[in-house]
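Participant: Below you'll find work_36.pdb; it's PDB, C-alpha atoms.
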ATOM      1  CA  HIS A 259       6.692  76.217 -38.626
ATOM      2  CA  ARG A 260       5.761  73.996 -35.666
ATOM      3  CA  LEU A 261       2.093  75.023 -35.795
ATOM      4  CA  PRO A 262      -0.264  72.241 -36.947
ATOM      5  CA  VAL A 263      -1.081  72.486 -40.647
ATOM      6  CA  ARG A 264      -4.655  71.358 -40.003
ATOM      7  CA  ASP A 265      -5.334  74.577 -38.074
ATOM      8  CA  PHE A 266      -4.619  76.606 -41.217
ATOM      9  CA  GLU A 267      -6.500  74.199 -43.466
ATOM     10  CA  ALA A 268      -9.542  74.820 -41.262
ATOM     11  CA  PHE A 269      -9.388  78.467 -42.346
ATOM     12  CA  GLY A 270      -9.265  77.511 -46.034
ATOM     13  CA  LEU A 271      -5.552  77.400 -46.816
ATOM     14  CA  LYS A 272      -4.619  74.625 -49.231
ATOM     15  CA  ARG A 273      -1.755  72.288 -48.371
ATOM     16  CA  LEU A 274       0.791  72.100 -51.215
ATOM     17  CA  SER A 275       2.047  68.581 -51.857
ATOM     18  CA  ASP A 276       3.295  68.354 -55.451
ATOM     19  CA  PRO A 277       7.075  69.083 -55.548
ATOM     20  CA  ARG A 278       6.598  71.726 -58.229
ATOM     21  CA  ASP A 279       3.873  73.521 -56.279
ATOM     22  CA  LEU A 280       5.939  73.308 -53.080
ATOM     23  CA  ALA A 281       8.907  74.812 -54.874
ATOM     24  CA  LEU A 282       7.128  77.642 -56.689
ATOM     25  CA  GLY A 283       4.875  78.479 -53.752
ATOM     26  CA  ASP A 284       3.340  81.917 -54.024
ATOM     27  CA  SER A 285       5.494  82.766 -57.075
ATOM     28  CA  LYS A 286       3.260  80.684 -59.328
ATOM     29  CA  SER A 287       0.491  83.315 -59.465
ATOM     30  CA  SER A 288       3.049  86.135 -59.897
ATOM     31  CA  ILE A 289       4.539  84.366 -62.906
ATOM     32  CA  GLN A 290       1.126  83.825 -64.475
ATOM     33  CA  ARG A 291       0.129  87.460 -63.942
ATOM     34  CA  PHE A 292       3.412  88.762 -65.366
ATOM     35  CA  GLN A 293       3.259  86.604 -68.490
ATOM     36  CA  SER A 294      -0.358  87.538 -69.170
ATOM     37  CA  LEU A 295       0.265  91.297 -68.819
ATOM     38  CA  LYS A 296       3.864  91.843 -70.002
ATOM     39  CA  LYS A 297       4.219  94.682 -72.489
ATOM     40  CA  ARG A 298       7.731  94.166 -73.858
ATOM     41  CA  PRO A 299      10.421  91.481 -74.069
ATOM     42  CA  GLU A 300      11.873  90.651 -70.646
ATOM     43  CA  PRO A 301      14.755  88.212 -71.249
ATOM     44  CA  GLY A 302      16.156  88.411 -67.718
ATOM     45  CA  LEU A 303      12.843  87.512 -66.126
ATOM     46  CA  GLU A 304      12.090  84.813 -68.685
ATOM     47  CA  PHE A 305      15.474  83.287 -67.877
ATOM     48  CA  LEU A 306      14.721  83.316 -64.130
ATOM     49  CA  ILE A 307      11.279  81.786 -64.660
ATOM     50  CA  ASP A 308      12.784  79.071 -66.849
ATOM     51  CA  TRP A 309      15.545  78.393 -64.312
ATOM     52  CA  THR A 310      13.199  78.112 -61.326
ATOM     53  CA  GLU A 311      10.935  75.719 -63.220
ATOM     54  CA  ARG A 312      13.833  73.572 -64.478
ATOM     55  CA  ASN A 313      15.478  73.368 -61.058
ATOM     56  CA  VAL A 314      12.509  72.492 -58.863
ATOM     57  CA  PRO A 315      13.752  70.461 -55.847
ATOM     58  CA  ARG A 316      12.127  67.070 -56.405
ATOM     59  CA  ASP A 317      12.584  65.463 -52.999
ATOM     60  CA  ARG A 318      10.794  68.032 -50.814
ATOM     61  CA  THR A 319       7.673  66.857 -48.988
ATOM     62  CA  GLU A 320       7.586  68.849 -45.733
ATOM     63  CA  CYS A 321       4.766  71.386 -45.629
ATOM     64  CA  CYS A 322       3.902  73.965 -42.970
ATOM     65  CA  PHE A 323       2.651  77.520 -42.650
ATOM     66  CA  VAL A 324       5.191  79.942 -44.135
ATOM     67  CA  THR A 325       4.944  83.711 -43.993
ATOM     68  CA  GLY A 326       5.888  84.202 -47.644
ATOM     69  CA  ASP A 327       7.482  87.622 -47.140
ATOM     70  CA  SER A 328       9.682  86.473 -44.270
ATOM     71  CA  GLY A 329      11.792  88.444 -41.834
ATOM     72  CA  GLN A 330       9.188  91.090 -41.000
ATOM     73  CA  PHE A 331       8.741  91.077 -37.262
ATOM     74  CA  ILE A 332       8.831  93.401 -34.277
ATOM     75  CA  PHE A 333      10.625  92.291 -31.129
ATOM     76  CA  GLU A 334      11.371  93.595 -27.668
ATOM     77  CA  ASP A 335      13.439  92.169 -24.815
ATOM     78  CA  GLY A 336      14.357  89.107 -26.867
ATOM     79  CA  ARG A 337      10.771  88.159 -27.750
ATOM     80  CA  VAL A 338       8.822  88.573 -30.980
ATOM     81  CA  THR A 339       5.834  90.813 -30.270
ATOM     82  CA  ALA A 340       4.277  91.122 -33.751
ATOM     83  CA  MET A 341       4.646  89.887 -37.329
ATOM     84  CA  LEU A 342       3.889  91.984 -40.396
ATOM     85  CA  ASP A 343       2.512  91.438 -43.924
ATOM     86  CA  MET A 344       1.061  88.017 -43.202
ATOM     87  CA  GLU A 345      -1.350  88.245 -46.138
ATOM     88  CA  LEU A 346       1.259  86.460 -48.254
ATOM     89  CA  GLY A 347       1.306  83.427 -45.965
ATOM     90  CA  TYR A 348       0.538  79.976 -47.370
ATOM     91  CA  LEU A 349       1.105  76.283 -46.674
ATOM     92  CA  GLY A 350       4.391  75.402 -48.348
ATOM     93  CA  ASP A 351       8.046  74.451 -47.945
ATOM     94  CA  PRO A 352       9.474  75.817 -44.648
ATOM     95  CA  LEU A 353      12.754  76.536 -46.412
ATOM     96  CA  ALA A 354      10.910  79.197 -48.415
ATOM     97  CA  ASP A 355      10.948  81.391 -45.295
ATOM     98  CA  LEU A 356      14.708  80.957 -44.913
ATOM     99  CA  GLY A 357      15.197  81.880 -48.564
ATOM    100  CA  GLY A 358      13.168  85.037 -48.047
ATOM    101  CA  PHE A 359      15.760  86.383 -45.591
ATOM    102  CA  PHE A 360      18.160  87.076 -48.461
ATOM    103  CA  SER A 361      15.848  89.604 -50.114
ATOM    104  CA  ARG A 362      14.809  91.184 -46.817
ATOM    105  CA  ASP A 363      18.488  91.703 -45.923
ATOM    106  CA  LEU A 364      19.023  94.040 -48.891
ATOM    107  CA  THR A 365      16.870  96.733 -47.280
ATOM    108  CA  GLU A 366      16.736  95.722 -43.600
ATOM    109  CA  SER A 367      19.829  94.081 -42.169
ATOM    110  CA  MET A 368      19.121  90.528 -41.024
ATOM    111  CA  GLY A 369      22.597  90.019 -39.585
ATOM    112  CA  ASP A 370      24.676  87.041 -40.659
ATOM    113  CA  ILE A 371      22.210  84.754 -42.446
ATOM    114  CA  PRO A 372      24.358  81.573 -42.284
ATOM    115  CA  THR A 373      24.454  82.017 -38.486
ATOM    116  CA  ALA A 374      20.667  82.441 -38.388
ATOM    117  CA  ILE A 375      20.194  79.283 -40.440
ATOM    118  CA  ALA A 376      22.566  77.364 -38.138
ATOM    119  CA  ARG A 377      20.403  78.482 -35.202
ATOM    120  CA  TYR A 378      17.279  77.321 -37.045
ATOM    121  CA  GLU A 379      18.923  73.908 -37.586
ATOM    122  CA  SER A 380      19.693  73.604 -33.891
ATOM    123  CA  GLU A 381      16.054  74.410 -33.043
ATOM    124  CA  ILE A 382      14.569  71.819 -35.447
ATOM    125  CA  GLY A 383      17.205  69.197 -34.686
ATOM    126  CA  HIS A 384      18.498  68.445 -38.184
ATOM    127  CA  PRO A 385      20.385  70.210 -40.998
ATOM    128  CA  VAL A 386      18.627  71.947 -43.865
ATOM    129  CA  ASP A 387      19.498  71.591 -47.530
ATOM    130  CA  ARG A 388      21.368  74.783 -48.337
ATOM    131  CA  ARG A 389      20.877  74.395 -52.071
ATOM    132  CA  VAL A 390      17.116  74.349 -51.520
ATOM    133  CA  VAL A 391      17.363  77.431 -49.294
ATOM    134  CA  LEU A 392      19.209  79.240 -52.094
ATOM    135  CA  TYR A 393      16.653  78.014 -54.626
ATOM    136  CA  HIS A 394      13.975  79.752 -52.578
ATOM    137  CA  ALA A 395      16.152  82.852 -52.203
ATOM    138  CA  ILE A 396      16.322  83.037 -55.999
ATOM    139  CA  ARG A 397      12.636  82.304 -56.489
ATOM    140  CA  PHE A 398      11.460  84.813 -53.913
ATOM    141  CA  ALA A 399      13.790  87.579 -55.128
ATOM    142  CA  MET A 400      12.311  87.109 -58.602
ATOM    143  CA  THR A 401       8.899  88.118 -57.234
ATOM    144  CA  THR A 402       9.945  91.783 -57.032
ATOM    145  CA  PRO A 403      10.912  92.286 -60.689
ATOM    146  CA  LEU A 404       7.892  90.196 -61.733
ATOM    147  CA  GLY A 405       5.726  92.908 -60.192
ATOM    148  CA  THR A 406       7.792  95.997 -60.940
ATOM    149  CA  ALA A 407       8.494  95.105 -64.603
ATOM    150  CA  LEU A 408       4.929  96.052 -65.510
ATOM    151  CA  VAL A 409       5.296  99.488 -63.868
ATOM    152  CA  VAL A 410       8.733 100.092 -65.408
ATOM    153  CA  ALA A 411       7.400  99.266 -68.879
ATOM    154  CA  ASP A 412       4.270 101.420 -68.559
ATOM    155  CA  PRO A 413       4.338 103.569 -65.396
ATOM    156  CA  PRO A 414       1.134 105.054 -64.008
ATOM    157  CA  VAL A 415       1.338 108.823 -63.690
ATOM    158  CA  ALA A 416       1.703 108.682 -59.886
ATOM    159  CA  ALA A 417       4.405 105.981 -59.841
ATOM    160  CA  GLU A 418       7.801 106.799 -58.349
ATOM    161  CA  TYR A 419       9.543 105.599 -61.501
ATOM    162  CA  VAL A 420      13.115 105.739 -60.197
ATOM    163  CA  GLN A 421      12.191 103.694 -57.121
ATOM    164  CA  TYR A 422      10.428 101.029 -59.191
ATOM    165  CA  LEU A 423      13.325 100.885 -61.634
ATOM    166  CA  ALA A 424      15.783 100.468 -58.743
ATOM    167  CA  TRP A 425      13.758  97.575 -57.323
ATOM    168  CA  TYR A 426      13.497  96.030 -60.789
ATOM    169  CA  LEU A 427      17.243  96.185 -61.519
ATOM    170  CA  VAL A 428      18.554  95.175 -58.083
ATOM    171  CA  TYR A 429      16.136  92.294 -57.534
ATOM    172  CA  LEU A 430      16.756  91.018 -61.048
ATOM    173  CA  ARG A 431      20.533  91.079 -60.745
ATOM    174  CA  ASN A 432      20.850  89.452 -57.330
ATOM    175  CA  PRO A 433      19.049  86.151 -58.045
ATOM    176  CA  LEU A 434      21.121  85.796 -61.218
ATOM    177  CA  GLN A 435      24.267  86.160 -59.116
ATOM    178  CA  LEU A 436      22.955  83.554 -56.661
ATOM    179  CA  ILE A 437      22.439  81.143 -59.567
ATOM    180  CA  ALA A 438      26.066  81.703 -60.582
ATOM    181  CA  HIS A 439      27.080  80.897 -56.976
ATOM    182  CA  LEU A 440      24.997  77.710 -57.047
ATOM    183  CA  GLU A 441      26.434  76.677 -60.397
ATOM    184  CA  GLY A 442      29.999  77.420 -59.320
ATOM    185  CA  PHE A 443      31.287  80.283 -61.426
ATOM    186  CA  GLU A 444      32.139  83.959 -61.035
ATOM    187  CA  ILE A 445      30.632  86.750 -63.090
ATOM    188  CA  GLU A 446      33.086  89.362 -64.308
ATOM    189  CA  ARG A 447      32.030  92.830 -63.185
ATOM    190  CA  PRO A 448      32.160  95.493 -65.894
ATOM    191  CA  ASP A 449      33.893  98.845 -65.752
ATOM    192  CA  THR A 450      31.349 101.541 -64.859
ATOM    193  CA  ASP A 451      33.565 104.561 -65.448
ATOM    194  CA  PHE A 452      31.478 105.842 -68.345
ATOM    195  CA  GLY A 453      32.521 108.420 -70.897
ATOM    196  CA  ALA A 454      30.370 111.571 -70.919
ATOM    197  CA  THR A 455      28.709 113.024 -74.003
ATOM    198  CA  GLU A 456      27.732 116.688 -74.236
ATOM    199  CA  SER A 457      24.459 116.607 -76.135
ATOM    200  CA  PRO A 458      22.400 119.593 -77.360
ATOM    201  CA  TYR A 459      20.059 118.908 -74.417
ATOM    202  CA  SER A 460      22.638 118.757 -71.629
ATOM    203  CA  THR A 461      22.178 122.406 -70.647
ATOM    204  CA  ALA A 462      18.431 121.934 -70.266
ATOM    205  CA  HIS A 463      18.938 118.834 -68.095
ATOM    206  CA  ASP A 464      21.325 120.783 -65.872
ATOM    207  CA  ALA A 465      18.915 123.705 -65.655
ATOM    208  CA  LEU A 466      16.042 121.409 -64.653
ATOM    209  CA  GLN A 467      18.147 119.822 -61.931
ATOM    210  CA  ASP A 468      19.134 123.264 -60.642
ATOM    211  CA  ARG A 469      15.454 124.254 -60.464
ATOM    212  CA  PHE A 470      14.624 121.199 -58.376
ATOM    213  CA  GLU A 471      17.559 121.782 -56.057
ATOM    214  CA  ALA A 472      16.373 125.349 -55.464
ATOM    215  CA  PHE A 473      12.726 124.379 -54.898
ATOM    216  CA  GLU A 474      11.480 124.951 -51.357
ATOM    217  CA  THR A 475       8.127 124.268 -49.734
ATOM    218  CA  LYS A 476       6.751 123.631 -46.268
ATOM    219  CA  ASP A 477       4.070 121.345 -47.649
ATOM    220  CA  GLU A 478       5.183 117.750 -47.007
ATOM    221  CA  PHE A 479       3.302 116.268 -49.943
ATOM    222  CA  GLN A 480       4.695 118.862 -52.363
ATOM    223  CA  ALA A 481       8.189 118.186 -51.025
ATOM    224  CA  TYR A 482       7.683 114.440 -51.564
ATOM    225  CA  GLU A 483       6.414 114.961 -55.120
ATOM    226  CA  ALA A 484       9.256 117.362 -55.912
ATOM    227  CA  ASP A 485      11.842 114.864 -54.680
ATOM    228  CA  GLY A 486      10.393 112.151 -56.923
ATOM    229  CA  LEU A 487      10.502 114.490 -59.920
ATOM    230  CA  ARG A 488      14.034 115.578 -59.053
ATOM    231  CA  ARG A 489      15.204 111.970 -58.983
ATOM    232  CA  LEU A 490      13.522 111.283 -62.313
ATOM    233  CA  ALA A 491      15.106 114.397 -63.851
ATOM    234  CA  LEU A 492      18.504 113.357 -62.482
ATOM    235  CA  TYR A 493      18.170 109.913 -64.074
ATOM    236  CA  LEU A 494      17.257 111.515 -67.401
ATOM    237  CA  ARG A 495      20.340 113.729 -67.122
ATOM    238  CA  GLN A 496      22.437 110.641 -66.449
ATOM    239  CA  GLY A 497      20.998 108.969 -69.538
ATOM    240  CA  ASP A 498      21.633 112.036 -71.676
ATOM    241  CA  ARG A 499      25.223 112.321 -70.480
ATOM    242  CA  PHE A 500      26.347 108.699 -70.236
ATOM    243  CA  GLY A 501      23.670 106.654 -72.017
ATOM    244  CA  ARG A 502      25.472 106.473 -75.353
ATOM    245  CA  ASP A 503      28.565 104.915 -73.784
ATOM    246  CA  VAL A 504      26.449 102.467 -71.739
ATOM    247  CA  TRP A 505      24.571 101.427 -74.892
ATOM    248  CA  GLU A 506      27.737 100.892 -76.941
ATOM    249  CA  ARG A 507      29.334  98.787 -74.220
ATOM    250  CA  ASP A 508      26.169  96.729 -73.971
ATOM    251  CA  LEU A 509      26.148  96.187 -77.729
ATOM    252  CA  ASP A 510      29.757  94.987 -77.589
ATOM    253  CA  ASP A 511      28.766  92.359 -74.999
ATOM    254  CA  VAL A 512      25.496  91.274 -76.582
ATOM    255  CA  GLU A 513      27.171  90.883 -79.990
ATOM    256  CA  VAL A 514      29.493  88.282 -78.457
ATOM    257  CA  LEU A 515      26.501  86.391 -77.051
ATOM    258  CA  LEU A 516      24.136  86.620 -80.034
ATOM    259  CA  GLY A 517      26.597  86.746 -82.915
ATOM    260  CA  PHE A 518      25.180  89.983 -84.332
ATOM    261  CA  ARG A 519      24.813  93.618 -83.312
ATOM    262  CA  PRO A 520      21.161  94.598 -82.749
ATOM    263  CA  GLY A 521      19.984  97.914 -84.138
ATOM    264  CA  SER A 522      17.663  98.785 -81.241
ATOM    265  CA  TRP A 523      17.001  97.780 -77.654
ATOM    266  CA  GLN A 524      13.718  96.170 -78.751
ATOM    267  CA  GLU A 525      15.549  93.985 -81.291
ATOM    268  CA  ARG A 526      18.169  93.157 -78.674
ATOM    269  CA  ASP A 527      15.673  92.026 -76.034
ATOM    270  CA  SER A 528      13.492  90.124 -78.472
ATOM    271  CA  ALA A 529      16.576  88.252 -79.711
ATOM    272  CA  LEU A 530      17.640  87.565 -76.111
ATOM    273  CA  GLU A 531      14.240  86.055 -75.293
ATOM    274  CA  ASP A 532      14.662  83.800 -78.331
ATOM    275  CA  PHE A 533      18.144  82.891 -77.064
ATOM    276  CA  VAL A 534      16.777  81.909 -73.634
ATOM    277  CA  ARG A 535      14.007  79.842 -75.214
ATOM    278  CA  GLU A 536      16.262  78.067 -77.702
ATOM    279  CA  ALA A 537      19.105  77.450 -75.233
ATOM    280  CA  ALA A 538      16.662  75.557 -72.991
ATOM    281  CA  GLY A 539      18.897  75.830 -69.942
ATOM    282  CA  THR A 540      22.142  74.823 -71.697
ATOM    283  CA  LYS A 541      23.831  78.241 -71.845
ATOM    284  CA  ASN A 542      23.206  79.639 -68.377
ATOM    285  CA  ARG A 543      26.767  80.792 -67.867
ATOM    286  CA  GLU A 544      26.975  82.660 -71.162
ATOM    287  CA  PHE A 545      23.636  84.401 -70.651
ATOM    288  CA  MET A 546      24.298  85.413 -67.049
ATOM    289  CA  GLN A 547      27.800  86.680 -67.805
ATOM    290  CA  TYR A 548      26.179  89.086 -70.249
ATOM    291  CA  TYR A 549      22.996  89.977 -68.385
ATOM    292  CA  VAL A 550      24.488  90.680 -64.964
ATOM    293  CA  ARG A 551      27.073  92.977 -66.571
ATOM    294  CA  ARG A 552      24.257  94.795 -68.322
ATOM    295  CA  LEU A 553      22.297  95.226 -65.081
ATOM    296  CA  ILE A 554      25.362  96.477 -63.186
ATOM    297  CA  ARG A 555      25.861  99.166 -65.824
ATOM    298  CA  GLU A 556      22.190 100.167 -65.685
ATOM    299  CA  GLU A 557      22.355 100.383 -61.883
ATOM    300  CA  ALA A 558      25.510 102.515 -62.087
ATOM    301  CA  LEU A 559      23.710 104.877 -64.465
ATOM    302  CA  LEU A 560      20.772 105.142 -62.064
ATOM    303  CA  ALA A 561      22.866 105.264 -58.873
ATOM    304  CA  PRO A 562      22.958 109.059 -58.321
ATOM    305  CA  ALA A 563      19.144 109.059 -58.252
ATOM    306  CA  MET A 564      18.610 105.794 -56.331
ATOM    307  CA  ARG A 565      19.177 106.987 -52.750
ATOM    308  CA  ASP A 566      19.175 103.397 -51.427
ATOM    309  CA  LEU A 567      20.088  99.922 -52.748
ATOM    310  CA  VAL A 568      23.226 101.295 -54.450
ATOM    311  CA  GLY A 569      25.608  98.398 -55.141
ATOM    312  CA  VAL A 570      23.946  95.987 -52.704
ATOM    313  CA  ASP A 571      24.693  92.266 -52.995
ATOM    314  CA  MET A 572      22.858  89.359 -51.405
ATOM    315  CA  GLN A 573      24.568  87.188 -48.862
ATOM    316  CA  THR A 574      25.355  83.621 -49.902
ATOM    317  CA  LEU A 575      25.625  80.271 -48.177
ATOM    318  CA  PRO A 576      28.607  77.910 -48.264
ATOM    319  CA  LEU A 577      27.556  74.797 -50.172
ATOM    320  CA  ASP A 578      30.065  72.259 -48.821
TER     321      ASP A 578
END
Output the file's structure in the form of structure tokens.

Facilitator:
Amino acid sequence: HRLPVRDFEAFGLKRLSDPRDLALGDSKSSIQRFQSLKKRPEPGLEFLIDWTERNVPRDRTECCFVTGDSGQFIFEDGRVTAMLDMELGYLGDPLADLGGFFSRDLTESMGDIPTAIARYESEIGHPVDRRVVLYHAIRFAMTTPLGTALVVADPPVAAEYVQYLAWYLVYLRNPLQLIAHLEGFEIERPDTDFGATESPYSTAHDALQDRFEAFETKDEFQAYEADGLRRLALYLRQGDRFGRDVWERDLDDVEVLLGFRPGSWQERDSALEDFVREAAGTKNREFMQYYVRRLIREEALLAPAMRDLVGVDMQTLPLD
């Protein structure tokens, strides 16, 4: 962050100066790509996009080189020896890098983030605006579901569907919870003790899972492929066994929000996109109370197949 901006401009990087561009940073192109290619209604993402655009910090002017995907470094004996994934770097708000820590921490522990930010403040000699840091935590976390939503909606044959779905759900839920923290309210967590249904297909799902558990090979690629298929089959078994209860509980919640009971998930999500558009930022609490509960249920359904990211929550920052 102390490096001269002109050195990066000499290599062709463009200095961001407009408050909106500084705020959105590298998310701007991700949003444009998502909206041009989306294949189905995505009310949660449309809400996040709307929120980030409505809540752009207007008084930010500082611009420096930021890594974009922050927190990826190798160190030894107390010194950084290498930094990774620098292709996302750009000239933007330095607080974007601090916000990126919150996403990185979900998969690679960053320690106590408030302590790290306090150390950063001591190094630069002045306090940072914690609300702006959290804005960037929300904006950057949104980047993951912006990319994975397209795969979840229409997965290529080689995609690890369960892994993409896990990233999509977890990185959609967490920024919504950070918004609730910023706006000063708690989101009620739903009960995830689902009732099981014995369908005509349950035996086949169990048999398929047993086949995968018994599969053995010394070929590493075959083992990797088999594990991906096993996880997908396990998720399908979860849906067969508990999906009806999850769907009915979701309908109970969405009926309270929308005032009617949708007949399909497509009707539900289309109506929710309309709700986000028409509310124009005035019903954040009502929408997030519903949507976070929905995502928690979906994660609980997927959890036996997820392997990582089960029940993870982002750290927060005290705002006073």

Participant: A:Phe323, A:Trp523, A:Trp425, A:Phe360: which is nearest Trp505 in chain A, counting all atoms listed in the file?

Facilitator: A:Trp523

Participant: Would you please work out which residue, of A:Tyr422, A:Asn542, A:Gly369, A:Asp485, is nearest to Thr402 in chain A when using all atoms listed in the file?

Facilitator: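 When distances to Thr402 in chain A are compared using all atoms listed in the file, the smallest one comes from A:Tyr422.
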
Participant: Name the residues that the PyMOL selection byres ((chain A and resi 467) around 9) pulls out of this structure, and write them as a VMD selection string.

Facilitator: chain A and resid 462 to 466 468 to 472 488 to 489 491 to 492 495

Participant: Show me, as a tab-separated table, the residues of range 385-453 of chain A having an atom within 8 Å of range 284-302 of chain A, each with the closest atom pair and its distance in Å, using all atoms listed in the file.

Facilitator:
residue	atom	partner	partner_atom	distance
A:Arg397	CA	A:Ser285	CA	7.2
A:Phe398	CA	A:Ser285	CA	7.1
A:Thr401	CA	A:Ser285	CA	6.3
A:Leu404	CA	A:Phe292	CA	5.9
A:Gly405	CA	A:Phe292	CA	7.0
A:Ala407	CA	A:Lys296	CA	7.8
A:Leu408	CA	A:Lys296	CA	6.2
A:Ala411	CA	A:Lys297	CA	6.6
A:Asp412	CA	A:Lys297	CA	7.8
A:Leu430	CA	A:Gly302	CA	7.2

Participant: Could you spell out the hits of the PyMOL selection byres ((chain A and resi 525) around 12) on the shown file, as a VMD selection string?

Facilitator: chain A and resid 298 to 301 509 512 516 518 to 524 526 to 532

Participant: Pick out the residues sitting within 8 Å of Asp327 in chain A, and hand them over as JSON, numbers by chain; count all atoms listed in the file, and ignore anything fewer than 5 positions along from it in its own chain.

Facilitator: {"A": [343, 344, 346, 347, 355, 358]}

Participant: Measuring atom to atom with all atoms listed in the file, identify which of A:Leu306, A:Ile371, A:Leu487, A:Met572 is nearest to Leu436 in chain A.

Facilitator: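 Ranking A:Leu306, A:Ile371, A:Leu487, A:Met572 by distance to Leu436 in chain A, first place goes to A:Met572.
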
Participant: So how many Å separate CA of Ile375 in chain A and CA of Leu353 in chain A, to one decimal?

Facilitator: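 About the pair CA of Ile375 in chain A and CA of Leu353 in chain A: they are 9.9 Å apart.
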
Participant: Work out how far CA of Asn313 in chain A is from CA of Met400 in chain A, in Å to one decimal.

Facilitator: 14.3 Å

Participant: If we count all atoms listed in the file and set the cut-off at 12 Å, which residues sit around range 443-456 of chain A, ignoring sequence neighbours fewer than 2 positions away in its own chain? Please answer as a PyMOL selection string.

Facilitator: chain A and resi 431-432+434-441+458-464+495-508+510-511+542-561+569

Participant: In Å, rounded to a single decimal, give me how far CA of Pro562 in chain A is from CA of Ala395 in chain A.

Facilitator: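 Rounded to one decimal, the two atoms are 27.8 Å apart.
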
Participant: Compare A:Asp276, A:Glu513, A:Asp566, A:Glu483 by their minimum atom-to-atom distance to Cys321 in chain A, counting only C-alpha atoms, and give me the closest one.

Facilitator: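 Closest to Cys321 in chain A of all the choices is A:Asp276.
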
Participant: Between A:Tyr493, A:Phe305, A:Met368, A:Glu379, which has the minimum distance to Ala537 in chain A (counting all atoms listed in the file)?

Facilitator: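 Nearest to Ala537 in chain A: A:Phe305.
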
Participant: Can you patch up range 413-424 of chain A, filling it in to N, CA, C and O atoms, and show the result as a short mmCIF file (atom, residue, chain, number, x, y, z; two decimals), in the frame of the given file?

Facilitator:
data_model
loop_
_atom_site.label_atom_id
_atom_site.label_comp_id
_atom_site.auth_asym_id
_atom_site.auth_seq_id
_atom_site.Cartn_x
_atom_site.Cartn_y
_atom_site.Cartn_z
N PRO A 413 4.60 103.04 -66.75
CA PRO A 413 4.34 103.57 -65.40
C PRO A 413 3.06 104.39 -65.31
O PRO A 413 2.81 105.24 -66.17
N PRO A 414 2.25 104.15 -64.29
CA PRO A 414 1.13 105.05 -64.01
C PRO A 414 1.67 106.44 -63.67
O PRO A 414 2.82 106.59 -63.23
N VAL A 415 0.86 107.46 -63.84
CA VAL A 415 1.34 108.82 -63.69
C VAL A 415 1.84 109.09 -62.28
O VAL A 415 2.76 109.90 -62.08
N ALA A 416 1.30 108.42 -61.27
CA ALA A 416 1.70 108.68 -59.89
C ALA A 416 2.87 107.82 -59.42
O ALA A 416 3.31 107.94 -58.29
N ALA A 417 3.35 106.92 -60.26
CA ALA A 417 4.40 105.98 -59.84
C ALA A 417 5.73 106.71 -59.62
O ALA A 417 6.11 107.59 -60.40
N GLU A 418 6.44 106.32 -58.57
CA GLU A 418 7.80 106.80 -58.35
C GLU A 418 8.72 105.97 -59.25
O GLU A 418 9.29 104.95 -58.84
N TYR A 419 8.89 106.42 -60.48
CA TYR A 419 9.54 105.60 -61.50
C TYR A 419 10.95 105.16 -61.10
O TYR A 419 11.32 103.99 -61.27
N VAL A 420 11.75 106.08 -60.56
CA VAL A 420 13.12 105.74 -60.20
C VAL A 420 13.14 104.64 -59.15
O VAL A 420 13.96 103.72 -59.21
N GLN A 421 12.23 104.71 -58.17
CA GLN A 421 12.19 103.69 -57.12
C GLN A 421 11.82 102.32 -57.70
O GLN A 421 12.43 101.31 -57.35
N TYR A 422 10.82 102.29 -58.58
CA TYR A 422 10.43 101.03 -59.19
C TYR A 422 11.55 100.47 -60.06
O TYR A 422 11.79 99.26 -60.09
N LEU A 423 12.22 101.35 -60.79
CA LEU A 423 13.32 100.88 -61.63
C LEU A 423 14.46 100.33 -60.78
O LEU A 423 15.07 99.31 -61.14
N ALA A 424 14.74 100.98 -59.64
CA ALA A 424 15.78 100.47 -58.74
C ALA A 424 15.43 99.08 -58.24
O ALA A 424 16.26 98.16 -58.25
#
